[in-house]
>>> print(open('structure-v6.pdb').read())   # PDB, C-alpha atoms and all ligand atoms
ATOM      1  CA  MET A  87     -33.486 -30.997  50.747
ATOM      2  CA  ASN A  88     -30.356 -32.441  52.337
ATOM      3  CA  ASN A  89     -29.083 -35.494  50.516
ATOM      4  CA  GLU A  90     -28.605 -38.340  53.034
ATOM      5  CA  THR A  91     -25.811 -40.000  51.046
ATOM      6  CA  LEU A  92     -23.802 -36.768  50.985
ATOM      7  CA  LEU A  93     -24.393 -36.124  54.693
ATOM      8  CA  LYS A  94     -23.412 -39.688  55.592
ATOM      9  CA  ASN A  95     -20.165 -39.539  53.602
ATOM     10  CA  LEU A  96     -18.980 -36.075  54.659
ATOM     11  CA  ARG A  97     -16.105 -36.365  57.147
ATOM     12  CA  ASN A  98     -16.022 -34.019  60.127
ATOM     13  CA  VAL A  99     -12.520 -33.316  61.477
ATOM     14  CA  PRO A 100     -12.610 -31.655  64.914
ATOM     15  CA  ASP A 101     -10.009 -29.015  65.771
ATOM     16  CA  PHE A 102      -8.609 -28.599  62.233
ATOM     17  CA  PRO A 103      -6.776 -26.418  61.261
ATOM     18  CA  ILE A 104      -7.048 -24.865  64.740
ATOM     19  CA  LYS A 105      -8.752 -25.819  67.998
ATOM     20  CA  GLY A 106     -12.505 -25.213  67.992
ATOM     21  CA  ILE A 107     -13.052 -25.541  64.210
ATOM     22  CA  GLN A 108     -15.211 -28.438  62.991
ATOM     23  CA  PHE A 109     -13.650 -28.949  59.561
ATOM     24  CA  LYS A 110     -16.017 -30.360  56.919
ATOM     25  CA  ASP A 111     -13.713 -32.496  54.804
ATOM     26  CA  VAL A 112     -15.199 -32.705  51.291
ATOM     27  CA  SER A 113     -12.380 -35.000  50.123
ATOM     28  CA  THR A 114     -14.570 -37.883  51.369
ATOM     29  CA  LEU A 115     -17.295 -36.741  48.953
ATOM     30  CA  TYR A 116     -14.854 -36.226  46.088
ATOM     31  CA  LYS A 117     -13.313 -39.711  46.449
ATOM     32  CA  ASN A 118     -16.736 -41.413  46.405
ATOM     33  CA  ALA A 119     -18.104 -42.133  42.914
ATOM     34  CA  GLU A 120     -21.758 -42.102  44.060
ATOM     35  CA  CYS A 121     -21.305 -38.756  45.853
ATOM     36  CA  MET A 122     -19.614 -37.231  42.805
ATOM     37  CA  ARG A 123     -22.533 -38.384  40.655
ATOM     38  CA  ILE A 124     -25.111 -36.980  43.098
ATOM     39  CA  MET A 125     -23.382 -33.582  43.403
ATOM     40  CA  VAL A 126     -22.847 -33.070  39.681
ATOM     41  CA  ASP A 127     -26.279 -34.433  38.676
ATOM     42  CA  GLU A 128     -28.149 -32.344  41.281
ATOM     43  CA  LEU A 129     -26.311 -29.195  40.217
ATOM     44  CA  PHE A 130     -26.846 -29.988  36.555
ATOM     45  CA  ASP A 131     -30.612 -30.286  37.178
ATOM     46  CA  MET A 132     -30.621 -26.966  39.066
ATOM     47  CA  TYR A 133     -28.711 -25.016  36.401
ATOM     48  CA  LYS A 134     -29.354 -26.782  33.074
ATOM     49  CA  ASP A 135     -31.983 -24.230  31.976
ATOM     50  CA  LYS A 136     -30.227 -21.104  33.280
ATOM     51  CA  GLY A 137     -28.061 -20.456  30.235
ATOM     52  CA  ILE A 138     -24.790 -20.706  32.180
ATOM     53  CA  THR A 139     -21.817 -20.072  29.869
ATOM     54  CA  LYS A 140     -19.014 -19.996  32.485
ATOM     55  CA  VAL A 141     -18.549 -21.791  35.798
ATOM     56  CA  VAL A 142     -16.017 -20.042  38.060
ATOM     57  CA  GLY A 143     -14.374 -22.337  40.648
ATOM     58  CA  ILE A 144     -12.649 -20.952  43.746
ATOM     59  CA  GLU A 145      -9.207 -22.407  44.520
ATOM     60  CA  SER A 146      -8.867 -25.204  45.221
ATOM     61  CA  ARG A 147     -11.809 -27.257  46.417
ATOM     62  CA  GLY A 148     -14.133 -25.320  44.103
ATOM     63  CA  PHE A 149     -12.254 -26.674  41.075
ATOM     64  CA  VAL A 150     -13.355 -30.302  41.506
ATOM     65  CA  VAL A 151     -17.130 -30.215  41.124
ATOM     66  CA  GLY A 152     -16.990 -26.827  39.355
ATOM     67  CA  ALA A 153     -15.082 -28.288  36.400
ATOM     68  CA  ALA A 154     -17.246 -31.423  36.221
ATOM     69  CA  LEU A 155     -20.383 -29.263  36.284
ATOM     70  CA  ALA A 156     -19.044 -26.961  33.558
ATOM     71  CA  TYR A 157     -18.539 -30.026  31.364
ATOM     72  CA  ARG A 158     -22.102 -31.256  31.999
ATOM     73  CA  LEU A 159     -23.566 -27.784  31.334
ATOM     74  CA  GLY A 160     -21.551 -27.327  28.150
ATOM     75  CA  ALA A 161     -19.995 -24.240  29.760
ATOM     76  CA  GLY A 162     -16.405 -23.056  30.090
ATOM     77  CA  PHE A 163     -14.518 -23.274  33.382
ATOM     78  CA  VAL A 164     -12.643 -20.329  34.951
ATOM     79  CA  MET A 165     -10.178 -20.556  37.843
ATOM     80  CA  CYS A 166     -10.376 -17.994  40.642
ATOM     81  CA  ARG A 167      -6.949 -18.277  42.296
ATOM     82  CA  LYS A 168      -4.674 -16.964  45.003
ATOM     83  CA  PRO A 169      -2.242 -14.216  43.911
ATOM     84  CA  GLY A 170       0.740 -15.105  41.728
ATOM     85  CA  LYS A 171      -0.656 -18.393  40.378
ATOM     86  CA  LEU A 172      -2.252 -17.195  37.121
ATOM     87  CA  PRO A 173       0.345 -16.471  34.388
ATOM     88  CA  ALA A 174      -1.372 -13.794  32.255
ATOM     89  CA  ASP A 175      -2.929 -10.406  33.060
ATOM     90  CA  THR A 176      -5.428 -10.579  35.947
ATOM     91  CA  LYS A 177      -8.142  -8.637  37.741
ATOM     92  CA  GLN A 178      -7.865  -8.801  41.532
ATOM     93  CA  MET A 179     -10.026  -8.339  44.597
ATOM     94  CA  SER A 180      -8.826  -8.022  48.184
ATOM     95  CA  TYR A 181     -10.924  -8.782  51.243
ATOM     96  CA  MET A 182     -10.521  -8.923  54.997
ATOM     97  CA  LYS A 183     -10.176 -12.270  56.752
ATOM     98  CA  GLU A 184     -10.127 -12.997  60.464
ATOM     99  CA  TYR A 185      -6.357 -12.471  60.506
ATOM    100  CA  GLY A 186      -5.392  -9.848  57.917
ATOM    101  CA  LYS A 187      -6.076  -9.344  54.230
ATOM    102  CA  ASP A 188      -6.389 -11.847  51.384
ATOM    103  CA  THR A 189      -6.518 -11.401  47.595
ATOM    104  CA  ILE A 190      -7.995 -13.467  44.741
ATOM    105  CA  GLU A 191      -7.460 -13.212  40.984
ATOM    106  CA  ILE A 192      -9.103 -14.122  37.676
ATOM    107  CA  HIS A 193      -7.526 -13.776  34.217
ATOM    108  CA  SER A 194      -8.653 -10.475  32.668
ATOM    109  CA  ASP A 195      -9.886 -12.200  29.508
ATOM    110  CA  ALA A 196     -11.664 -15.089  31.290
ATOM    111  CA  ILE A 197     -15.171 -13.578  31.411
ATOM    112  CA  THR A 198     -16.990 -11.285  28.946
ATOM    113  CA  GLU A 199     -20.152  -9.167  29.063
ATOM    114  CA  ASP A 200     -21.958 -11.934  27.126
ATOM    115  CA  ASP A 201     -21.384 -14.523  29.836
ATOM    116  CA  VAL A 202     -23.883 -15.928  32.320
ATOM    117  CA  VAL A 203     -21.766 -16.974  35.293
ATOM    118  CA  LEU A 204     -22.148 -19.504  38.092
ATOM    119  CA  ILE A 205     -19.531 -19.229  40.868
ATOM    120  CA  HIS A 206     -18.979 -22.475  42.779
ATOM    121  CA  ASP A 207     -17.147 -23.339  46.000
ATOM    122  CA  ASP A 208     -17.268 -26.242  48.429
ATOM    123  CA  LEU A 209     -18.460 -24.478  51.571
ATOM    124  CA  LEU A 210     -20.123 -21.291  52.825
ATOM    125  CA  ALA A 211     -18.882 -20.263  56.281
ATOM    126  CA  THR A 212     -18.636 -16.469  56.809
ATOM    127  CA  GLY A 213     -19.119 -15.813  53.073
ATOM    128  CA  GLY A 214     -16.046 -13.545  52.925
ATOM    129  CA  SER A 215     -14.161 -15.374  50.190
ATOM    130  CA  MET A 216     -17.225 -15.959  47.994
ATOM    131  CA  ASN A 217     -18.361 -12.358  48.350
ATOM    132  CA  ALA A 218     -14.925 -11.225  47.146
ATOM    133  CA  ALA A 219     -15.194 -13.614  44.171
ATOM    134  CA  TYR A 220     -18.723 -12.319  43.484
ATOM    135  CA  GLN A 221     -17.578  -8.673  43.539
ATOM    136  CA  LEU A 222     -14.630  -9.558  41.284
ATOM    137  CA  VAL A 223     -16.813 -11.412  38.750
ATOM    138  CA  LYS A 224     -19.275  -8.481  38.708
ATOM    139  CA  GLU A 225     -16.427  -6.194  37.551
ATOM    140  CA  PHE A 226     -16.456  -8.133  34.262
ATOM    141  CA  LYS A 227     -20.113  -7.009  33.823
ATOM    142  CA  PRO A 228     -21.528 -10.428  32.818
ATOM    143  CA  LYS A 229     -25.264 -10.738  32.055
ATOM    144  CA  ARG A 230     -25.964 -12.574  35.341
ATOM    145  CA  VAL A 231     -24.042 -14.066  38.283
ATOM    146  CA  SER A 232     -25.325 -16.935  40.469
ATOM    147  CA  ILE A 233     -23.608 -18.588  43.424
ATOM    148  CA  ASN A 234     -23.497 -22.212  44.562
ATOM    149  CA  PHE A 235     -21.909 -24.134  47.430
ATOM    150  CA  ILE A 236     -22.039 -27.834  48.228
ATOM    151  CA  ILE A 237     -22.305 -27.106  51.983
ATOM    152  CA  GLU A 238     -23.824 -24.192  53.897
ATOM    153  CA  LEU A 239     -22.720 -23.939  57.529
ATOM    154  CA  THR A 240     -25.382 -22.439  59.746
ATOM    155  CA  ILE A 241     -24.013 -23.848  63.005
ATOM    156  CA  GLU A 242     -22.305 -21.689  65.598
ATOM    157  CA  GLY A 243     -24.303 -18.633  64.594
ATOM    158  CA  LEU A 244     -22.772 -18.460  61.115
ATOM    159  CA  ASN A 245     -24.962 -16.650  58.619
ATOM    160  CA  GLY A 246     -22.760 -16.377  55.546
ATOM    161  CA  ARG A 247     -25.718 -15.457  53.351
ATOM    162  CA  SER A 248     -26.085 -12.134  55.150
ATOM    163  CA  VAL A 249     -22.916 -10.674  53.554
ATOM    164  CA  PHE A 250     -24.443 -10.863  50.055
ATOM    165  CA  ASP A 251     -26.850  -8.413  48.447
ATOM    166  CA  LYS A 252     -30.455  -9.540  49.053
ATOM    167  CA  ASP A 253     -31.163 -10.218  45.370
ATOM    168  CA  VAL A 254     -28.210 -12.590  44.810
ATOM    169  CA  ASP A 255     -29.214 -16.112  43.769
ATOM    170  CA  ILE A 256     -27.458 -18.521  46.203
ATOM    171  CA  THR A 257     -28.025 -22.291  46.262
ATOM    172  CA  THR A 258     -26.539 -25.016  48.469
ATOM    173  CA  LEU A 259     -26.861 -28.829  48.402
ATOM    174  CA  ILE A 260     -26.423 -29.469  52.157
ATOM    175  CA  LYS A 261     -27.185 -27.275  55.181
ATOM    176  CA  ILE A 262     -25.416 -28.154  58.437
TER
HETATM  177  P1  LIG B 301     -15.653 -18.233  54.255
HETATM  178  O1  LIG B 301     -14.960 -17.220  53.394
HETATM  179  O2  LIG B 301     -15.559 -17.936  55.737
HETATM  180  O3  LIG B 301     -17.079 -18.495  53.821
HETATM  181  O4  LIG B 301     -14.842 -19.589  54.115
HETATM  182  C1  LIG B 301     -15.062 -20.410  53.053
HETATM  183  C2  LIG B 301     -13.811 -21.143  52.620
HETATM  184  O5  LIG B 301     -13.042 -21.613  53.735
HETATM  185  C3  LIG B 301     -14.248 -22.338  51.829
HETATM  186  O6  LIG B 301     -13.531 -22.326  50.617
HETATM  187  C4  LIG B 301     -13.895 -23.535  52.669
HETATM  188  O7  LIG B 301     -13.114 -24.401  51.901
HETATM  189  C5  LIG B 301     -13.100 -23.031  53.856
HETATM  190  N1  LIG B 301     -13.727 -23.320  55.168
HETATM  191  C6  LIG B 301     -14.122 -22.421  56.101
HETATM  192  N2  LIG B 301     -14.642 -23.004  57.201
HETATM  193  C7  LIG B 301     -14.589 -24.332  56.958
HETATM  194  C8  LIG B 301     -15.002 -25.513  57.697
HETATM  195  N3  LIG B 301     -15.556 -25.451  58.911
HETATM  196  N4  LIG B 301     -14.809 -26.712  57.124
HETATM  197  C9  LIG B 301     -14.260 -26.812  55.893
HETATM  198  N5  LIG B 301     -13.849 -25.759  55.159
HETATM  199  C10 LIG B 301     -14.010 -24.534  55.662
END
>>> encode(input="structure-v6.pdb", output="structure tokens")
Amino acid sequence: MNNETLLKNLRNVPDFPIKGIQFKDVSTLYKNAECMRIMVDELFDMYKDKGITKVVGIESRGFVVGAALAYRLGAGFVMCRKPGKLPADTKQMSYMKEYGKDTIEIHSDAITEDDVVLIHDDLLATGGSMNAAYQLVKEFKPKRVSINFIIELTIEGLNGRSVFDKDVDITTLIKI
């Protein structure tokens, strides 16, 4: 169920970064102590019994709640970053965006076959970036991989869920 406090505090910025995009600005949730508590507590309740050992956050908005949630779950936190940011050996995944190709990376020793992984990001739009992160995490052969977003955009015909395999466990806190 959509949380009214989160919906009320989420800022919509029209025409950012380009004309026609309704940008959902989660910084207004992150700066609000009550919203931070709601997001982390709701996610903790959803995942506390799932045996999560690693939370993977997608750069950069996925780091904020992802790291707080990892702490609450007693799990480790792993950064999924843009190329050239991580200092040690990495595994990479490239994917197509609207304009050209993009790549993401995770440290090669960040996830093991014993891990149960939750990948977190702020928002599901087309699903392209999360699907790339999902495929990358699966290369580490962890026991299980789940996916969470704070916001799922279903407006303007977006159906980001459709890019994922049918059996993938995807949760969201707000649908817009
Ligand atoms: P996608 O790969 O299309 O699902 O895009 C998801 C990523 O792009 C997320 O990490 C969001 O931070 C960002 N994003 C895409 N569309 C929006 C939007 N309308 N408002 C805010 N962020 C967005």
>>> residues_near_ligand(input="structure-v6.pdb", ligand="ligand LIG 301 (chain B)", cutoff="7 Å", atoms="all atoms listed in the file", output="VMD selection string")
chain A and resid 107 to 111 147 207 to 216 246
>>> write_last_selection(input="structure-v6.pdb", atoms="C-alpha atoms", output="PDB file, in the coordinates of the input")
ATOM      1  CA  ILE A 107     -13.052 -25.541  64.210  1.00  0.00           C
ATOM      2  CA  GLN A 108     -15.211 -28.438  62.991  1.00  0.00           C
ATOM      3  CA  PHE A 109     -13.650 -28.949  59.561  1.00  0.00           C
ATOM      4  CA  LYS A 110     -16.017 -30.360  56.919  1.00  0.00           C
ATOM      5  CA  ASP A 111     -13.713 -32.496  54.804  1.00  0.00           C
ATOM      6  CA  ARG A 147     -11.809 -27.257  46.417  1.00  0.00           C
ATOM      7  CA  ASP A 207     -17.147 -23.339  46.000  1.00  0.00           C
ATOM      8  CA  ASP A 208     -17.268 -26.242  48.429  1.00  0.00           C
ATOM      9  CA  LEU A 209     -18.460 -24.478  51.571  1.00  0.00           C
ATOM     10  CA  LEU A 210     -20.123 -21.291  52.825  1.00  0.00           C
ATOM     11  CA  ALA A 211     -18.882 -20.263  56.281  1.00  0.00           C
ATOM     12  CA  THR A 212     -18.636 -16.469  56.809  1.00  0.00           C
ATOM     13  CA  GLY A 213     -19.119 -15.813  53.073  1.00  0.00           C
ATOM     14  CA  GLY A 214     -16.046 -13.545  52.925  1.00  0.00           C
ATOM     15  CA  SER A 215     -14.161 -15.374  50.190  1.00  0.00           C
ATOM     16  CA  MET A 216     -17.225 -15.959  47.994  1.00  0.00           C
ATOM     17  CA  GLY A 246     -22.760 -16.377  55.546  1.00  0.00           C
TER      18      GLY A 246
END
>>> closest_residue(input="structure-v6.pdb", among="A:Tyr157, A:Glu120, A:Lys94, A:Lys177", to="Ile260 in chain A", atoms="only C-alpha atoms")
A:Lys94
>>> atom_distance(input="structure-v6.pdb", atom1="CA of Glu191 in chain A", atom2="CA of Pro169 in chain A")
6.1 Å
>>> residues_around(input="structure-v6.pdb", residues="Gly137 in chain A", least_positions_apart="4", cutoff="10 Å", atoms="only C-alpha atoms", output="count of residues only")
9
>>> closest_residue(input="structure-v6.pdb", among="A:Arg167, A:Tyr181, A:Val126, A:Ile192", to="Glu225 in chain A", atoms="all atoms listed in the file")
A:Ile192
>>> axis_aligned_box(input="structure-v6.pdb", around="range 229-234 of chain A", padding_each_side="4 Å", output="lines of an AutoDock Vina configuration file")
center_x = -24.7
center_y = -16.5
center_z = 38.3
size_x = 10.5
size_y = 19.5
size_z = 20.5
>>> closest_residue(input="structure-v6.pdb", among="A:Asp253, A:Gly148, A:Asp135, A:Gly170", to="Asn234 in chain A", atoms="all atoms listed in the file")
A:Gly148
>>> decode(input="structure-v6.pdb", residues="range 89-109 of chain A", atoms="N, CA, C and O atoms", output="mmCIF file, in the first residue's frame")
data_model
loop_
_atom_site.group_PDB
_atom_site.id
_atom_site.type_symbol
_atom_site.label_atom_id
_atom_site.label_comp_id
_atom_site.auth_asym_id
_atom_site.auth_seq_id
_atom_site.Cartn_x
_atom_site.Cartn_y
_atom_site.Cartn_z
ATOM 1 N N ASN A 89 2.409 4.612 0.943
ATOM 2 C CA ASN A 89 2.495 5.352 2.189
ATOM 3 C C ASN A 89 2.230 6.839 1.918
ATOM 4 O O ASN A 89 2.944 7.469 1.150
ATOM 5 N N GLU A 90 1.198 7.378 2.588
ATOM 6 C CA GLU A 90 0.773 8.771 2.337
ATOM 7 C C GLU A 90 1.874 9.769 2.672
ATOM 8 O O GLU A 90 2.051 10.770 1.975
ATOM 9 N N THR A 91 2.609 9.525 3.740
ATOM 10 C CA THR A 91 3.669 10.460 4.147
ATOM 11 C C THR A 91 4.760 10.519 3.077
ATOM 12 O O THR A 91 5.258 11.603 2.741
ATOM 13 N N LEU A 92 5.107 9.359 2.513
ATOM 14 C CA LEU A 92 6.123 9.356 1.455
ATOM 15 C C LEU A 92 5.599 10.081 0.215
ATOM 16 O O LEU A 92 6.293 10.919 -0.370
ATOM 17 N N LEU A 93 4.367 9.774 -0.164
ATOM 18 C CA LEU A 93 3.782 10.411 -1.359
ATOM 19 C C LEU A 93 3.726 11.926 -1.203
ATOM 20 O O LEU A 93 4.045 12.676 -2.127
ATOM 21 N N LYS A 94 3.333 12.368 -0.019
ATOM 22 C CA LYS A 94 3.167 13.799 0.259
ATOM 23 C C LYS A 94 4.514 14.534 0.214
ATOM 24 O O LYS A 94 4.595 15.698 -0.175
ATOM 25 N N ASN A 95 5.575 13.857 0.610
ATOM 26 C CA ASN A 95 6.883 14.516 0.707
ATOM 27 C C ASN A 95 7.757 14.376 -0.538
ATOM 28 O O ASN A 95 8.810 15.007 -0.629
ATOM 29 N N LEU A 96 7.329 13.539 -1.483
ATOM 30 C CA LEU A 96 8.127 13.349 -2.701
ATOM 31 C C LEU A 96 7.944 14.558 -3.621
ATOM 32 O O LEU A 96 6.829 14.929 -3.956
ATOM 33 N N ARG A 97 9.064 15.166 -4.019
ATOM 34 C CA ARG A 97 8.980 16.349 -4.894
ATOM 35 C C ARG A 97 8.976 15.920 -6.357
ATOM 36 O O ARG A 97 9.784 15.091 -6.780
ATOM 37 N N ASN A 98 8.048 16.498 -7.113
ATOM 38 C CA ASN A 98 8.007 16.271 -8.560
ATOM 39 C C ASN A 98 8.616 17.490 -9.253
ATOM 40 O O ASN A 98 8.210 18.618 -8.990
ATOM 41 N N VAL A 99 9.613 17.273 -10.102
ATOM 42 C CA VAL A 99 10.236 18.390 -10.823
ATOM 43 C C VAL A 99 9.951 18.216 -12.314
ATOM 44 O O VAL A 99 10.530 17.345 -12.965
ATOM 45 N N PRO A 100 9.036 19.034 -12.858
ATOM 46 C CA PRO A 100 8.701 18.902 -14.281
ATOM 47 C C PRO A 100 9.870 19.309 -15.172
ATOM 48 O O PRO A 100 10.642 20.201 -14.829
ATOM 49 N N ASP A 101 9.986 18.632 -16.301
ATOM 50 C CA ASP A 101 10.973 18.975 -17.331
ATOM 51 C C ASP A 101 12.416 18.913 -16.837
ATOM 52 O O ASP A 101 13.246 19.727 -17.212
ATOM 53 N N PHE A 102 12.748 17.965 -15.978
ATOM 54 C CA PHE A 102 14.134 17.734 -15.565
ATOM 55 C C PHE A 102 14.468 16.261 -15.786
ATOM 56 O O PHE A 102 13.671 15.400 -15.409
ATOM 57 N N PRO A 103 15.619 15.935 -16.343
ATOM 58 C CA PRO A 103 16.681 16.797 -16.868
ATOM 59 C C PRO A 103 16.380 17.332 -18.282
ATOM 60 O O PRO A 103 17.110 18.200 -18.747
ATOM 61 N N ILE A 104 15.332 16.795 -18.909
ATOM 62 C CA ILE A 104 14.950 17.303 -20.236
ATOM 63 C C ILE A 104 13.437 17.502 -20.274
ATOM 64 O O ILE A 104 12.707 16.937 -19.462
ATOM 65 N N LYS A 105 12.988 18.298 -21.228
ATOM 66 C CA LYS A 105 11.564 18.602 -21.364
ATOM 67 C C LYS A 105 10.742 17.311 -21.494
ATOM 68 O O LYS A 105 11.134 16.385 -22.193
ATOM 69 N N GLY A 106 9.629 17.274 -20.757
ATOM 70 C CA GLY A 106 8.731 16.119 -20.857
ATOM 71 C C GLY A 106 8.907 15.111 -19.738
ATOM 72 O O GLY A 106 8.027 14.292 -19.493
ATOM 73 N N ILE A 107 10.065 15.139 -19.036
ATOM 74 C CA ILE A 107 10.286 14.186 -17.931
ATOM 75 C C ILE A 107 9.755 14.783 -16.630
ATOM 76 O O ILE A 107 10.044 15.926 -16.287
ATOM 77 N N GLN A 108 8.951 13.980 -15.920
ATOM 78 C CA GLN A 108 8.499 14.353 -14.567
ATOM 79 C C GLN A 108 9.474 13.690 -13.598
ATOM 80 O O GLN A 108 9.356 12.496 -13.324
ATOM 81 N N PHE A 109 10.437 14.456 -13.098
ATOM 82 C CA PHE A 109 11.494 13.881 -12.272
ATOM 83 C C PHE A 109 11.020 13.731 -10.826
ATOM 84 O O PHE A 109 10.614 14.701 -10.192
#
